[in-house]
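Here is the structure we will look at, set down as structure tokens.
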Amino acid sequence: MSNNVNDWLNDHGDYLYRFALARLKDTHQAEDAVQETMLAAIKNNSFEGDSSIRTWLTGILKHKIIDMQRKLIREQPVSDIIDLDASNESMDDFFDKTGHWLDKPQFFDMPDHALEQSQFLSVLDACMQKLPKKLKAIFMLRDVHEMENENICKELDITPTNAWVMLYRARMGLRKCLEMNWVKG
Amino acid sequence: MLTCQQASQLISQSLDHPLSWYELMQLRLHLMMCGACNRFRKQLNVLLVGLRKIRTNIENDSAIQLPLDAKTRIVEKLKSNQHSQ
Ligand SMILES: [Zn+2]
């Protein structure tokens, strides 16, 4: 048994770590997620021969990732961080009172050229890291982990309205950040 | 007639669930006449494609490995966990 787990860690630890890092964007959290996955794997050895060990472990890891994001979001009630009335003018600073863009969105596209593309992606990555923690957590689940919207509401125990307001705010912030840091004058 | 603010909200929501027929019609009408909201929609698409590219880049980068100290820590944790059972 214990040999098994050490084998699992050696064979799949790096893969699981990358999987977690790609979704949590935090090395410590990613390490914790791998640890929790391994602990759950020995505690509750539900492995059935019909899938690969890696698939099974990844399934456990997915739940751990969701658990961690949920904890982050629950540290503070959702109502404290967003304005629940989506039509309220104070909801964001992107529009005037009549609903017109204050600054018209500017054109940007993903560069084809490899070097330019990696520069674009690192700007995008830096912008994402700047999102408020809770917005980042739900946004990562939806737009990076590609979890279904319905499941996000269920797992995080938030209303669909809360979910879309948070996602909207995160996306608005990100595209503005890209305009400011990528689109040069 | 939708304002740009309402249109941008619908564009974001359309990424998460299908819009109602009425919302879709309103949005199409707005997009036919509004270059700014078209650019906004394009921005969101570029964002999403970029984010998924960052994700797969990390997933496929074999240079990124579980740090050795973390590995050691996990092995210790697993050991102590088994002893306590
Ligand atoms: Zn518009």
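By convention in this document, the chains of the structure tokens carry letters A, B, ... by their order, each chain's residues are numbered from 1, and ligands are numbered from 1 in the order they are shown.
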Which residues form the shell of 6 Å around ligand 1 when you count only C-alpha atoms and all ligand atoms, given as an MDAnalysis selection string?
chainID B and resid 4 34 36:37
How about saving the chosen residues, C-alpha atoms kept, as a PDB file, in the first residue's frame?
ATOM      1  CA  CYS B   4     -23.900  49.201 -24.459  1.00  0.00           C
ATOM      2  CA  CYS B  34     -22.347  49.053 -32.507  1.00  0.00           C
ATOM      3  CA  ALA B  36     -17.609  49.128 -29.703  1.00  0.00           C
ATOM      4  CA  CYS B  37     -19.611  46.165 -28.429  1.00  0.00           C
TER       5      CYS B  37
END
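Counting only C-alpha atoms, every residue of chain A that comes within 7 Å of chain B is listed here: A:Gly13, A:Asp14, A:Tyr17, A:Arg18, A:Phe19, A:Ala22, A:Glu31, A:Gln35, A:Leu39, A:Phe95, A:Gly99, A:His100, A:Trp101, A:Lys104, A:Pro105, A:Gln106, A:Phe107, A:Phe108, A:Asp109, A:Met110, A:Leu121, A:Asp143, A:Val144, A:Asn149, A:Trp164, A:Tyr168, A:Arg175.
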Do a neighbour search on Leu178 of chain A at 9 Å with only C-alpha atoms, toss out local chain neighbours closer than 2 positions, and write the hits as JSON, numbers by chain.
{"A": [108, 120, 123, 124, 127, 173, 174, 175, 176, 180, 181, 182, 183], "B": [47]}
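For the residues A:Val165, A:Lys62, A:Asn45, A:Asp93, ranking by smallest atom-to-atom distance to Met147 of chain A using only C-alpha atoms places A:Lys62 first.
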Let's see if you can do this: from backbone DSSP, list all helix (DSSP H, G or I) residues in chain B, as number ranges by chain.
B: 4-13, 21-33, 35-59, 68-83
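When the distance limit is 9 Å and only C-alpha atoms are what count, the residues near segment 134-139 of chain A, minus those fewer than 3 positions from it on the same chain, are Leu24, Met68, Gln69, Arg70, Leu72, Ile73, Arg74, Gln76, Val78, Ile81, Met128, Gln129, Lys130, Leu131, Arg142, Asp143, Val144, His145, Ile152, Leu156, Ala163, Met166, Leu167, Arg169, Ala170 and Arg171 of chain A.
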List as a PyMOL selection string the protein and nucleic acid residues near Lys64 of chain A, meaning an atom at most 10 Å away when only C-alpha atoms are counted, but skip any in the same chain fewer than 6 places from it.
chain A and resi 20+30+32-37+40+58+70
May I have the residues from that selection written out with all heavy atoms, as a short mmCIF file (atom, residue, chain, number, x, y, z; two decimals), in the first residue's frame?
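Output file result_13.cif is given in full below:
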data_model
loop_
_atom_site.label_atom_id
_atom_site.label_comp_id
_atom_site.auth_asym_id
_atom_site.auth_seq_id
_atom_site.Cartn_x
_atom_site.Cartn_y
_atom_site.Cartn_z
N ALA A 20 -2.74 21.11 -11.29
CA ALA A 20 -3.22 21.99 -10.22
C ALA A 20 -2.71 23.41 -10.41
O ALA A 20 -3.46 24.39 -10.27
CB ALA A 20 -2.79 21.45 -8.86
N ALA A 30 -0.99 24.68 -5.14
CA ALA A 30 -0.87 23.51 -6.02
C ALA A 30 -0.21 22.34 -5.28
O ALA A 30 -0.64 21.19 -5.39
CB ALA A 30 -0.08 23.87 -7.28
N ASP A 32 -0.27 21.87 -2.03
CA ASP A 32 -1.27 21.39 -1.07
C ASP A 32 -2.30 20.50 -1.75
O ASP A 32 -2.73 19.49 -1.19
CB ASP A 32 -1.99 22.57 -0.39
CG ASP A 32 -1.11 23.25 0.64
OD1 ASP A 32 -0.04 22.69 0.95
OD2 ASP A 32 -1.48 24.34 1.11
N ALA A 33 -2.71 20.90 -2.93
CA ALA A 33 -3.73 20.13 -3.64
C ALA A 33 -3.23 18.73 -3.96
O ALA A 33 -3.97 17.75 -3.83
CB ALA A 33 -4.15 20.86 -4.92
N VAL A 34 -1.95 18.62 -4.36
CA VAL A 34 -1.37 17.30 -4.64
C VAL A 34 -1.32 16.48 -3.36
O VAL A 34 -1.67 15.29 -3.34
CB VAL A 34 0.04 17.44 -5.26
CG1 VAL A 34 0.69 16.07 -5.42
CG2 VAL A 34 -0.03 18.14 -6.61
N GLN A 35 -0.91 17.12 -2.26
CA GLN A 35 -0.84 16.42 -0.97
C GLN A 35 -2.22 15.90 -0.55
O GLN A 35 -2.36 14.73 -0.16
CB GLN A 35 -0.28 17.36 0.10
CG GLN A 35 -0.31 16.75 1.49
CD GLN A 35 0.44 17.62 2.49
OE1 GLN A 35 1.58 17.99 2.27
NE2 GLN A 35 -0.22 17.95 3.60
N GLU A 36 -3.21 16.76 -0.64
CA GLU A 36 -4.57 16.37 -0.26
C GLU A 36 -5.08 15.22 -1.14
O GLU A 36 -5.78 14.33 -0.67
CB GLU A 36 -5.53 17.56 -0.39
CG GLU A 36 -5.29 18.66 0.63
CD GLU A 36 -5.39 18.14 2.05
OE1 GLU A 36 -6.42 17.51 2.35
OE2 GLU A 36 -4.44 18.33 2.84
N THR A 37 -4.70 15.28 -2.39
CA THR A 37 -5.12 14.23 -3.33
C THR A 37 -4.52 12.88 -2.91
O THR A 37 -5.21 11.85 -2.88
CB THR A 37 -4.68 14.58 -4.76
OG1 THR A 37 -5.33 15.80 -5.13
CG2 THR A 37 -5.07 13.49 -5.74
N ALA A 40 -6.17 11.60 0.27
CA ALA A 40 -7.51 11.07 -0.02
C ALA A 40 -7.40 9.74 -0.75
O ALA A 40 -8.21 8.83 -0.54
CB ALA A 40 -8.30 12.08 -0.86
N THR A 58 -6.49 12.23 -10.99
CA THR A 58 -6.89 13.54 -11.51
C THR A 58 -8.32 13.86 -11.11
O THR A 58 -8.65 15.02 -10.79
CB THR A 58 -6.75 13.58 -13.05
OG1 THR A 58 -5.43 13.16 -13.40
CG2 THR A 58 -6.99 14.98 -13.59
N ARG A 70 -13.50 27.09 -3.23
CA ARG A 70 -14.71 27.34 -2.43
C ARG A 70 -14.33 27.98 -1.10
O ARG A 70 -14.94 28.95 -0.66
CB ARG A 70 -15.46 26.04 -2.20
CG ARG A 70 -16.77 26.25 -1.42
CD ARG A 70 -17.26 24.98 -0.80
NE ARG A 70 -17.71 24.02 -1.79
CZ ARG A 70 -17.28 22.77 -1.87
NH1 ARG A 70 -16.38 22.31 -1.03
NH2 ARG A 70 -17.74 21.96 -2.80
#
Residue with smallest distance to Leu68 of chain B - pool A:Asn10, A:Asn151, A:Ile66, A:Glu75, counting only C-alpha atoms
A:Asn10
Atom pair atom CA of Asn6 of chain A / atom CA of Glu48 of chain A: separation (Å):
18.7 Å
